[in-house]
>>> print(open('final.tsv').read())   # TSV, C-alpha atoms
chain	number	residue	atom	x	y	z
R	21	MET	CA	-52.05	-20.65	-30.89
R	22	ALA	CA	-53.19	-24.24	-30.62
R	23	ALA	CA	-50.57	-25.26	-33.16
R	24	GLN	CA	-47.88	-23.48	-31.20
R	25	SER	CA	-48.97	-25.22	-27.98
R	26	VAL	CA	-48.88	-28.56	-29.71
R	27	THR	CA	-45.40	-27.80	-31.04
R	28	ILE	CA	-44.07	-26.81	-27.62
R	29	ALA	CA	-45.73	-29.74	-25.92
R	30	GLY	CA	-44.42	-32.10	-28.53
R	31	ALA	CA	-40.86	-30.75	-28.45
R	32	ARG	CA	-38.20	-33.05	-27.12
R	33	PRO	CA	-36.60	-32.04	-23.79
R	34	GLY	CA	-33.14	-32.64	-25.24
R	35	ALA	CA	-33.73	-30.23	-28.12
R	36	THR	CA	-34.86	-27.51	-25.69
R	37	ARG	CA	-31.78	-28.02	-23.52
R	38	TRP	CA	-29.41	-27.85	-26.48
R	39	SER	CA	-31.07	-24.69	-27.78
R	40	ARG	CA	-30.61	-23.07	-24.36
R	41	ILE	CA	-26.96	-24.10	-24.29
R	42	ARG	CA	-26.50	-22.68	-27.80
R	43	ARG	CA	-28.01	-19.36	-26.75
R	44	ASN	CA	-25.72	-19.22	-23.70
R	45	ARG	CA	-22.68	-19.88	-25.87
R	46	GLN	CA	-23.72	-17.12	-28.22
R	47	ALA	CA	-24.12	-14.72	-25.29
R	48	LEU	CA	-20.69	-15.66	-23.94
R	49	LEU	CA	-19.13	-15.26	-27.37
R	50	PHE	CA	-20.66	-11.81	-27.68
R	51	CYS	CA	-19.32	-10.82	-24.24
R	52	TYR	CA	-15.81	-12.01	-25.05
R	53	LEU	CA	-15.82	-10.22	-28.40
R	54	ALA	CA	-17.03	-7.03	-26.73
R	55	LEU	CA	-14.30	-7.28	-24.08
R	56	ALA	CA	-11.57	-8.29	-26.53
R	57	PRO	CA	-10.29	-4.72	-27.24
R	58	VAL	CA	-10.06	-3.95	-23.53
R	59	LEU	CA	-8.34	-7.27	-22.76
R	60	VAL	CA	-5.85	-6.77	-25.60
R	61	LEU	CA	-5.06	-3.25	-24.37
R	62	PHE	CA	-4.69	-4.48	-20.78
R	63	PHE	CA	-2.38	-7.29	-21.91
R	64	TYR	CA	-0.26	-4.90	-23.97
R	65	VAL	CA	-0.05	-2.17	-21.30
R	66	ARG	CA	0.18	-4.33	-18.17
R	67	VAL	CA	1.24	-7.91	-18.89
R	68	VAL	CA	3.79	-7.32	-21.65
R	69	PRO	CA	5.86	-4.78	-19.62
R	70	ILE	CA	5.93	-7.20	-16.68
R	71	ILE	CA	7.23	-10.00	-18.90
R	72	GLU	CA	9.75	-7.70	-20.54
R	73	SER	CA	11.01	-6.43	-17.18
R	74	VAL	CA	11.71	-10.03	-16.12
R	75	ALA	CA	13.66	-10.66	-19.32
R	76	LEU	CA	15.40	-7.29	-18.98
R	77	SER	CA	16.83	-8.23	-15.59
R	78	PHE	CA	18.91	-11.00	-17.22
R	79	TYR	CA	20.68	-8.64	-19.66
R	80	ARG	CA	23.19	-5.83	-19.36
R	81	TRP	CA	20.83	-3.22	-20.81
R	82	ASP	CA	22.47	0.19	-20.84
R	83	LEU	CA	20.59	3.01	-22.56
R	84	ILE	CA	23.73	4.63	-23.94
R	85	LYS	CA	25.50	1.45	-25.09
R	86	PRO	CA	24.52	-0.42	-28.26
R	87	LEU	CA	25.43	-3.89	-26.96
R	88	LYS	CA	22.95	-5.63	-24.65
R	89	PRO	CA	24.57	-8.96	-23.72
R	90	PHE	CA	22.86	-11.73	-21.79
R	91	ILE	CA	24.48	-12.02	-18.34
R	92	GLY	CA	22.12	-14.35	-16.47
R	93	LEU	CA	21.86	-13.64	-12.74
R	94	ARG	CA	24.72	-11.13	-12.72
R	95	ASN	CA	22.39	-8.19	-11.99
R	96	TYR	CA	20.99	-9.92	-8.93
R	97	THR	CA	24.44	-10.80	-7.58
R	98	ASP	CA	25.53	-7.20	-8.18
R	99	LEU	CA	22.57	-6.02	-6.11
R	100	LEU	CA	23.49	-8.23	-3.17
R	101	SER	CA	27.06	-6.95	-3.24
R	102	ASP	CA	26.04	-3.30	-3.62
R	103	GLU	CA	26.36	-1.38	-0.35
R	104	ASN	CA	23.80	1.21	-1.48
R	105	PHE	CA	21.24	-1.50	-2.17
R	106	ARG	CA	21.70	-2.98	1.29
R	107	LEU	CA	21.38	0.49	2.78
R	108	ALA	CA	18.22	1.11	0.74
R	109	LEU	CA	16.77	-2.19	1.96
R	110	GLU	CA	17.53	-1.29	5.57
R	111	ASN	CA	16.03	2.19	5.20
R	112	THR	CA	12.93	0.77	3.53
R	113	LEU	CA	12.35	-1.74	6.31
R	114	ILE	CA	12.79	0.93	9.00
R	115	TYR	CA	10.55	3.37	7.15
R	116	SER	CA	7.81	0.82	6.45
R	117	VAL	CA	7.70	-0.79	9.90
R	118	ALA	CA	7.84	2.51	11.78
R	119	THR	CA	5.17	4.15	9.63
R	120	VAL	CA	2.74	1.24	9.69
R	121	VAL	CA	3.15	0.40	13.40
R	122	VAL	CA	2.88	3.98	14.66
R	123	SER	CA	-0.05	4.75	12.35
R	124	THR	CA	-1.91	1.70	13.64
R	125	LEU	CA	-1.16	2.45	17.30
R	126	LEU	CA	-2.43	6.01	16.85
R	127	ALA	CA	-5.44	5.19	14.67
R	128	LEU	CA	-6.87	2.44	16.89
R	129	PRO	CA	-7.51	4.52	20.06
R	130	LEU	CA	-8.67	7.43	17.91
R	131	ALA	CA	-11.19	5.15	16.20
R	132	VAL	CA	-12.50	3.93	19.55
R	133	PHE	CA	-12.89	7.52	20.72
R	134	LEU	CA	-14.47	8.80	17.48
R	135	ALA	CA	-16.84	5.86	17.11
R	136	ARG	CA	-19.37	7.81	19.14
R	137	LYS	CA	-22.13	9.23	17.00
R	138	GLY	CA	-22.39	12.99	16.69
R	139	TRP	CA	-21.36	15.92	14.55
R	140	VAL	CA	-18.13	16.48	16.52
R	141	ALA	CA	-16.90	12.98	15.69
R	142	ALA	CA	-17.83	13.52	12.03
R	143	VAL	CA	-15.82	16.75	11.93
R	144	TYR	CA	-12.75	15.05	13.38
R	145	GLN	CA	-13.09	12.14	10.96
R	146	THR	CA	-13.10	14.60	8.07
R	147	ILE	CA	-10.05	16.41	9.43
R	148	TYR	CA	-8.09	13.18	9.82
R	149	PHE	CA	-9.10	11.86	6.39
R	150	LEU	CA	-8.34	15.03	4.42
R	151	PRO	CA	-4.57	14.27	4.19
R	152	VAL	CA	-5.36	10.85	2.71
R	153	ILE	CA	-7.19	12.29	-0.29
R	154	THR	CA	-4.76	15.19	-0.76
R	155	PRO	CA	-2.20	14.61	-3.56
R	156	LEU	CA	1.11	13.43	-2.18
R	157	VAL	CA	3.47	15.67	-4.16
R	158	PRO	CA	1.94	19.00	-3.04
R	159	MET	CA	1.90	17.72	0.53
R	160	ALA	CA	5.57	16.72	0.26
R	161	ILE	CA	6.42	20.22	-1.00
R	162	ALA	CA	4.47	21.77	1.90
R	163	TRP	CA	6.24	19.56	4.44
R	164	ARG	CA	9.60	20.39	2.90
R	165	TRP	CA	8.83	24.02	3.69
R	166	ILE	CA	7.64	23.08	7.20
R	167	TYR	CA	10.98	21.32	7.77
R	168	ASP	CA	13.05	24.18	6.31
R	169	TYR	CA	16.03	24.99	8.51
R	170	ASN	CA	15.78	28.78	8.26
R	171	TYR	CA	12.09	29.50	7.60
R	172	GLY	CA	10.31	26.28	8.54
R	173	LEU	CA	7.28	26.22	10.80
R	174	PHE	CA	8.73	23.56	13.13
R	175	ASN	CA	11.93	25.50	13.83
R	176	TYR	CA	9.91	28.69	14.22
R	177	VAL	CA	7.83	27.05	16.98
R	178	LEU	CA	10.94	25.59	18.61
R	179	SER	CA	12.51	29.05	18.76
R	180	PHE	CA	9.80	30.14	21.22
R	181	PHE	CA	11.11	27.56	23.68
R	182	GLY	CA	14.75	28.48	23.18
R	183	ILE	CA	15.49	25.28	21.24
R	184	PRO	CA	18.01	25.74	18.41
R	185	ALA	CA	16.96	25.04	14.82
R	186	VAL	CA	16.93	21.39	13.81
R	187	PRO	CA	18.24	20.29	10.38
R	188	TRP	CA	15.24	18.07	9.71
R	189	LEU	CA	16.01	17.16	6.10
R	190	THR	CA	19.75	17.85	5.95
R	191	SER	CA	20.97	15.69	8.82
R	192	PRO	CA	21.62	12.01	8.01
R	193	ASP	CA	20.51	11.07	11.53
R	194	ILE	CA	17.15	12.88	11.38
R	195	ALA	CA	16.05	13.01	7.73
R	196	LEU	CA	14.52	9.51	7.55
R	197	TRP	CA	12.54	10.03	10.76
R	198	ALA	CA	11.32	13.40	9.50
R	199	ILE	CA	9.87	11.68	6.43
R	200	ILE	CA	8.38	8.97	8.65
R	201	ILE	CA	6.54	11.65	10.66
R	202	MET	CA	5.15	13.12	7.44
R	203	SER	CA	4.04	9.68	6.20
R	204	ILE	CA	2.32	8.89	9.50
R	205	TRP	CA	0.38	12.15	9.26
R	206	LYS	CA	-0.53	11.41	5.65
R	207	GLY	CA	-1.83	7.87	6.14
R	208	LEU	CA	-3.31	8.04	9.63
R	209	GLY	CA	-6.82	8.74	8.36
R	210	TYR	CA	-6.84	5.65	6.13
R	211	SER	CA	-6.38	3.25	9.04
R	212	LEU	CA	-8.73	5.35	11.14
R	213	ILE	CA	-11.62	4.99	8.70
R	214	LEU	CA	-11.11	1.23	8.40
R	215	PHE	CA	-11.13	0.83	12.17
R	216	LEU	CA	-14.22	3.02	12.50
R	217	VAL	CA	-16.08	0.80	10.04
R	218	GLY	CA	-15.07	-2.28	12.01
R	219	ILE	CA	-16.05	-0.83	15.39
R	220	ARG	CA	-19.44	0.31	14.14
R	221	ASN	CA	-20.13	-3.15	12.74
R	222	ILE	CA	-19.67	-4.75	16.16
R	223	PRO	CA	-23.13	-5.55	17.60
R	224	GLU	CA	-23.97	-3.49	20.67
R	225	SER	CA	-25.34	-6.61	22.34
R	226	TYR	CA	-21.79	-8.01	22.68
R	227	LEU	CA	-20.56	-4.95	24.55
R	228	GLU	CA	-23.71	-4.80	26.66
R	229	ALA	CA	-23.31	-8.45	27.63
R	230	ALA	CA	-19.71	-7.81	28.63
R	231	SER	CA	-20.81	-4.81	30.72
R	232	LEU	CA	-23.44	-6.89	32.50
R	233	ASP	CA	-20.75	-9.44	33.32
R	234	GLY	CA	-18.79	-6.69	35.05
R	235	ALA	CA	-16.15	-6.06	32.37
R	236	SER	CA	-14.34	-2.73	32.55
R	237	PRO	CA	-13.96	-0.49	29.46
R	238	TRP	CA	-10.41	-1.81	28.95
R	239	GLN	CA	-11.59	-5.41	29.27
R	240	ARG	CA	-14.41	-4.78	26.76
R	241	PHE	CA	-11.91	-3.36	24.33
R	242	TRP	CA	-9.31	-6.11	24.81
R	243	HIS	CA	-11.64	-9.13	24.88
R	244	VAL	CA	-14.52	-7.97	22.63
R	245	THR	CA	-13.62	-5.06	20.36
R	246	LEU	CA	-10.06	-5.99	19.45
R	247	PRO	CA	-10.72	-9.66	18.51
R	248	LEU	CA	-13.65	-8.64	16.33
R	249	LEU	CA	-11.46	-6.01	14.66
R	250	ARG	CA	-8.88	-8.61	13.59
R	251	PRO	CA	-9.98	-8.69	9.88
R	252	TYR	CA	-9.91	-4.89	9.68
R	253	LEU	CA	-6.50	-4.81	11.37
R	254	LEU	CA	-5.20	-7.32	8.85
R	255	VAL	CA	-6.49	-5.31	5.89
R	256	ALA	CA	-5.20	-2.01	7.27
R	257	LEU	CA	-1.75	-3.38	8.09
R	258	LEU	CA	-1.38	-5.16	4.74
R	259	LEU	CA	-2.51	-2.24	2.60
R	260	ARG	CA	-0.45	0.28	4.54
R	261	ALA	CA	2.63	-1.97	4.46
R	262	ILE	CA	2.36	-2.47	0.70
R	263	PHE	CA	1.88	1.25	0.11
R	264	GLU	CA	4.74	2.34	2.36
R	265	PHE	CA	7.13	-0.34	1.10
R	266	ARG	CA	6.93	1.16	-2.40
R	267	ALA	CA	6.92	4.80	-1.24
R	268	PHE	CA	8.67	7.08	-3.69
R	269	ASP	CA	7.00	10.46	-4.30
R	270	ASN	CA	7.39	11.98	-0.85
R	271	VAL	CA	10.99	10.82	-0.45
R	272	TYR	CA	12.03	11.95	-3.92
R	273	VAL	CA	10.42	15.38	-3.54
R	274	MET	CA	11.65	16.06	-0.01
R	275	THR	CA	15.20	14.66	-0.05
R	276	GLY	CA	15.84	12.78	-3.30
R	277	GLY	CA	17.35	9.96	-1.25
R	278	GLY	CA	19.83	12.16	0.63
R	279	PRO	CA	21.56	13.42	2.59
R	280	ALA	CA	24.37	10.88	2.23
R	281	ASN	CA	21.80	8.25	1.16
R	282	ALA	CA	20.16	8.47	4.59
R	283	THR	CA	16.68	8.38	3.00
R	284	LEU	CA	17.55	6.10	0.09
R	285	LEU	CA	14.66	3.65	-0.26
R	286	LEU	CA	14.39	0.71	-2.66
R	287	SER	CA	12.06	2.65	-4.93
R	288	VAL	CA	14.50	5.58	-5.12
R	289	TYR	CA	17.39	3.16	-5.70
R	290	THR	CA	15.46	1.58	-8.58
R	291	TYR	CA	14.78	4.99	-10.10
R	292	GLN	CA	18.40	6.08	-9.81
R	293	ALA	CA	19.70	2.83	-11.32
R	294	SER	CA	17.30	3.06	-14.25
R	295	PHE	CA	17.16	6.76	-15.11
R	296	VAL	CA	20.25	8.29	-13.51
R	297	GLN	CA	22.79	5.54	-14.18
R	298	PHE	CA	20.85	4.48	-17.34
R	299	ASP	CA	21.14	0.82	-16.31
R	300	LEU	CA	17.62	-0.44	-16.97
R	301	SER	CA	18.55	-4.06	-16.33
R	302	LEU	CA	19.82	-3.32	-12.83
R	303	GLY	CA	16.69	-1.28	-12.14
R	304	ALA	CA	14.51	-4.15	-13.34
R	305	ALA	CA	16.34	-6.58	-11.09
R	306	ALA	CA	15.97	-4.22	-8.12
R	307	SER	CA	12.24	-3.85	-8.74
R	308	TRP	CA	11.74	-7.62	-8.83
R	309	VAL	CA	13.76	-8.11	-5.65
R	310	MET	CA	11.59	-5.45	-4.02
R	311	LEU	CA	8.45	-7.24	-5.22
R	312	LEU	CA	9.64	-10.62	-3.91
R	313	ILE	CA	10.54	-9.17	-0.50
R	314	ALA	CA	7.13	-7.52	-0.20
R	315	LEU	CA	5.35	-10.70	-1.32
R	316	VAL	CA	7.19	-12.93	1.16
R	317	ALA	CA	6.63	-10.45	4.00
R	318	CYS	CA	2.89	-10.17	3.24
R	319	LEU	CA	2.43	-13.96	3.00
R	320	ALA	CA	4.29	-14.48	6.28
R	321	PHE	CA	2.20	-11.81	7.97
R	322	VAL	CA	-1.07	-13.29	6.71
R	323	ALA	CA	-0.01	-16.76	7.84
R	324	LEU	CA	0.94	-15.45	11.29
R	325	ILE	CA	-2.29	-13.52	11.78
R	326	GLY	CA	-4.36	-16.42	10.42
R	327	ARG	CA	-2.72	-18.89	12.80
R	328	LYS	CA	-3.37	-16.62	15.76
R	329	GLY	CA	-6.95	-16.14	14.63
R	330	THR	CA	-7.64	-19.88	14.70
R	331	ARG	CA	-6.47	-20.37	18.27
>>> encode(input="final.tsv", output="structure tokens")
Amino acid sequence: MAAQSVTIAGARPGATRWSRIRRNRQALLFCYLALAPVLVLFFYVRVVPIIESVALSFYRWDLIKPLKPFIGLRNYTDLLSDENFRLALENTLIYSVATVVVSTLLALPLAVFLARKGWVAAVYQTIYFLPVITPLVPMAIAWRWIYDYNYGLFNYVLSFFGIPAVPWLTSPDIALWAIIIMSIWKGLGYSLILFLVGIRNIPESYLEAASLDGASPWQRFWHVTLPLLRPYLLVALLLRAIFEFRAFDNVYVMTGGGPANATLLLSVYTYQASFVQFDLSLGAAASWVMLLIALVACLAFVALIGRKGTR
């Protein structure tokens, strides 16, 4: 023991530091080796397809033709000149903006009302959140039945008031808005839960101070609750916008993009170009255009909200 103490006391500080560094390097090397199979699999499954899809968009890659010539930006110029692509872009913007804005405007007052503690509020929170965790395809099939012209629940209720049946999913003027209503119902609970978390994290002392200063309930909401909810609003709007911009399942199940391309979204256009027309290169170009539009819109929105937040 005495010899060991002498050895430790007589050891050079530099040698101890280098031994510690060597042990840290060995630990890092072990971690990287342990993670190597997962990283390789992630790179092969995620990164490689992304790189290949970029390269694919510069070729004329038809599944049923043996020749795949390099055509540069021809796929992108074809998209801009395609009337169906422009229609899909317009439908996607209308669908995304309407769904996100209406969901937020409905979820915010509901969150303020349900922020009260009690079992009744908990029951309503569960009811509103159940559609969020329910698989989208079964819900789309159920709503397709609800919208059915002859046997649908909506038209059955309207018949009690003497209102004729409405072609919810077969009219080009109504079909997109019918899907928007379904999407609002499906995603309302997501924004609601985020807003509830934000409201419950606001200190009660802030609201009490505003009340003592004579602020009305509306003034407390507008000047205290809403500014403090800004980060939660940003997260809810961004996540909902990203999700709705790439919506596919509900539209494909309920209408398939019809009638007369009235519900044709960018995601459905990409699917049809790739697996109906067998033009994978055009589908790849459409997917990258959709990604760039979403990225630019999200960055602009974050910059706008951030600038307002600093004032």
>>> closest_residue(input="final.tsv", among="R:Glu224, R:Met274, R:Val143, R:Ile199", to="Pro158 (chain R)", atoms="only C-alpha atoms")
R:Met274
>>> closest_residue(input="final.tsv", among="R:Met159, R:Ile166, R:Leu134, R:Ala280", to="Ser191 (chain R)", atoms="all atoms listed in the file")
R:Ala280
>>> closest_residue(input="final.tsv", among="R:Pro187, R:Gly276, R:Pro237, R:Gly218", to="Arg250 (chain R)", atoms="all atoms listed in the file")
R:Gly218
>>> closest_residue(input="final.tsv", among="R:Val121, R:Ala323, R:Leu93, R:Leu49", to="Ile204 (chain R)", atoms="all atoms listed in the file")
R:Val121
>>> closest_residue(input="final.tsv", among="R:Ile200, R:Leu284, R:Val273, R:Val322", to="Val117 (chain R)", atoms="only C-alpha atoms")
R:Ile200
>>> residues_around(input="final.tsv", residues="Ile213 (chain R)", least_positions_apart="6", cutoff="12 Å", atoms="all atoms listed in the file", output="number ranges by chain")
R: 124, 127-128, 130-132, 134-135, 141-142, 144-150, 152, 207, 219-220, 252-253, 255-256
>>> closest_residue(input="final.tsv", among="R:Leu254, R:Ala195, R:Ala306, R:Leu312", to="Thr275 (chain R)", atoms="all atoms listed in the file")
R:Ala195
>>> residues_near_point(input="final.tsv", point="(13.0, 9.4, 7.6)", cutoff="10 Å", atoms="only C-alpha atoms", output="list in words")
Asn111, Thr112, Ile114, Tyr115, Ala118, Thr119, Trp188, Leu189, Pro192, Asp193, Ile194, Ala195, Leu196, Trp197, Ala198, Ile199, Ile200, Ile201, Met202, Ser203, Val271, Thr275, Gly277, Ala282, Thr283, Leu284 and Leu285 of chain R
>>> atom_distance(input="final.tsv", atom1="CA of Ser307 (chain R)", atom2="CA of Arg260 (chain R)")
18.8 Å
>>> residues_around(input="final.tsv", residues="Arg94 (chain R)", least_positions_apart="3", cutoff="9 Å", atoms="only C-alpha atoms", output="PDB file with C-alpha atoms, in the coordinates of the input")
ATOM      1  CA  SER R  77      16.830  -8.230 -15.590  1.00  0.00           C
ATOM      2  CA  PHE R  78      18.910 -11.000 -17.220  1.00  0.00           C
ATOM      3  CA  TYR R  79      20.680  -8.640 -19.660  1.00  0.00           C
ATOM      4  CA  ARG R  80      23.190  -5.830 -19.360  1.00  0.00           C
ATOM      5  CA  ILE R  91      24.480 -12.020 -18.340  1.00  0.00           C
ATOM      6  CA  THR R  97      24.440 -10.800  -7.580  1.00  0.00           C
ATOM      7  CA  ASP R  98      25.530  -7.200  -8.180  1.00  0.00           C
ATOM      8  CA  LEU R  99      22.570  -6.020  -6.110  1.00  0.00           C
TER       9      LEU R  99
END
>>> residues_around(input="final.tsv", residues="Ala304 (chain R)", least_positions_apart="4", cutoff="10 Å", atoms="all atoms listed in the file", output="list in words")
Ile70, Glu72, Ser73, Val74, Ala75, Leu76, Ser77, Phe78, Tyr79, Trp81, Asn95, Tyr96, Thr290, Tyr291, Ala293, Ser294, Asp299, Leu300, Trp308, Val309 and Met310 of chain R
>>> axis_aligned_box(input="final.tsv", around="region 125-130 of chain R", padding_each_side="4 Å", output="lines of an AutoDock Vina configuration file")
center_x = -4.9
center_y = 4.9
center_z = 17.4
size_x = 15.5
size_y = 13.0
size_z = 13.4
>>> decode(input="final.tsv", residues="region 233-291 of chain R", atoms="C-alpha atoms", output="mmCIF file, in the first residue's frame")
data_model
loop_
_atom_site.group_PDB
_atom_site.id
_atom_site.type_symbol
_atom_site.label_atom_id
_atom_site.label_comp_id
_atom_site.auth_asym_id
_atom_site.auth_seq_id
_atom_site.Cartn_x
_atom_site.Cartn_y
_atom_site.Cartn_z
ATOM 1 C CA ASP R 233 -54.649 45.695 -12.427
ATOM 2 C CA GLY R 234 -58.241 45.516 -13.623
ATOM 3 C CA ALA R 235 -57.710 43.479 -16.804
ATOM 4 C CA SER R 236 -60.784 41.745 -18.207
ATOM 5 C CA PRO R 237 -60.700 38.035 -19.184
ATOM 6 C CA TRP R 238 -60.214 39.021 -22.842
ATOM 7 C CA GLN R 239 -57.386 41.399 -21.937
ATOM 8 C CA ARG R 240 -55.698 38.699 -19.824
ATOM 9 C CA PHE R 241 -55.889 36.316 -22.743
ATOM 10 C CA TRP R 242 -54.693 38.824 -25.354
ATOM 11 C CA HIS R 243 -51.891 40.470 -23.355
ATOM 12 C CA VAL R 244 -50.746 37.621 -21.071
ATOM 13 C CA THR R 245 -51.800 34.172 -22.269
ATOM 14 C CA LEU R 246 -51.364 34.602 -26.017
ATOM 15 C CA PRO R 247 -47.847 36.159 -25.938
ATOM 16 C CA LEU R 248 -46.623 33.434 -23.601
ATOM 17 C CA LEU R 249 -48.129 30.810 -25.918
ATOM 18 C CA ARG R 250 -46.094 32.045 -28.898
ATOM 19 C CA PRO R 251 -43.531 29.149 -28.816
ATOM 20 C CA TYR R 252 -46.326 26.572 -28.611
ATOM 21 C CA LEU R 253 -48.197 28.290 -31.436
ATOM 22 C CA LEU R 254 -45.065 28.189 -33.565
ATOM 23 C CA VAL R 255 -44.510 24.487 -32.920
ATOM 24 C CA ALA R 256 -48.157 23.597 -33.517
ATOM 25 C CA LEU R 257 -48.403 25.595 -36.735
ATOM 26 C CA LEU R 258 -45.118 24.269 -38.121
ATOM 27 C CA LEU R 259 -45.782 20.620 -37.340
ATOM 28 C CA ARG R 260 -49.352 20.759 -38.601
ATOM 29 C CA ALA R 261 -48.305 22.596 -41.770
ATOM 30 C CA ILE R 262 -45.584 20.050 -42.537
ATOM 31 C CA PHE R 263 -47.947 17.145 -41.907
ATOM 32 C CA GLU R 264 -50.805 18.552 -43.977
ATOM 33 C CA PHE R 265 -48.556 19.673 -46.834
ATOM 34 C CA ARG R 266 -47.538 16.054 -47.422
ATOM 35 C CA ALA R 267 -51.006 14.589 -46.800
ATOM 36 C CA PHE R 268 -51.667 11.534 -48.924
ATOM 37 C CA ASP R 269 -53.493 8.660 -47.187
ATOM 38 C CA ASN R 270 -56.825 10.335 -46.525
ATOM 39 C CA VAL R 271 -57.014 11.915 -49.990
ATOM 40 C CA TYR R 272 -56.017 8.724 -51.793
ATOM 41 C CA VAL R 273 -58.484 6.576 -49.846
ATOM 42 C CA MET R 274 -61.427 8.976 -50.054
ATOM 43 C CA THR R 275 -61.160 10.356 -53.603
ATOM 44 C CA GLY R 276 -57.908 9.212 -55.225
ATOM 45 C CA GLY R 277 -57.356 12.788 -56.389
ATOM 46 C CA GLY R 278 -60.744 13.150 -58.091
ATOM 47 C CA PRO R 279 -63.289 14.070 -59.133
ATOM 48 C CA ALA R 280 -61.784 15.841 -62.152
ATOM 49 C CA ASN R 281 -58.538 16.347 -60.189
ATOM 50 C CA ALA R 282 -60.403 18.545 -57.695
ATOM 51 C CA THR R 283 -58.570 16.902 -54.776
ATOM 52 C CA LEU R 284 -55.272 16.308 -56.562
ATOM 53 C CA LEU R 285 -52.519 17.194 -54.081
ATOM 54 C CA LEU R 286 -48.772 17.234 -54.707
ATOM 55 C CA SER R 287 -48.333 13.937 -52.886
ATOM 56 C CA VAL R 288 -51.012 12.274 -55.032
ATOM 57 C CA TYR R 289 -49.488 13.811 -58.167
ATOM 58 C CA THR R 290 -46.097 12.380 -57.198
ATOM 59 C CA TYR R 291 -47.621 8.943 -56.644
#
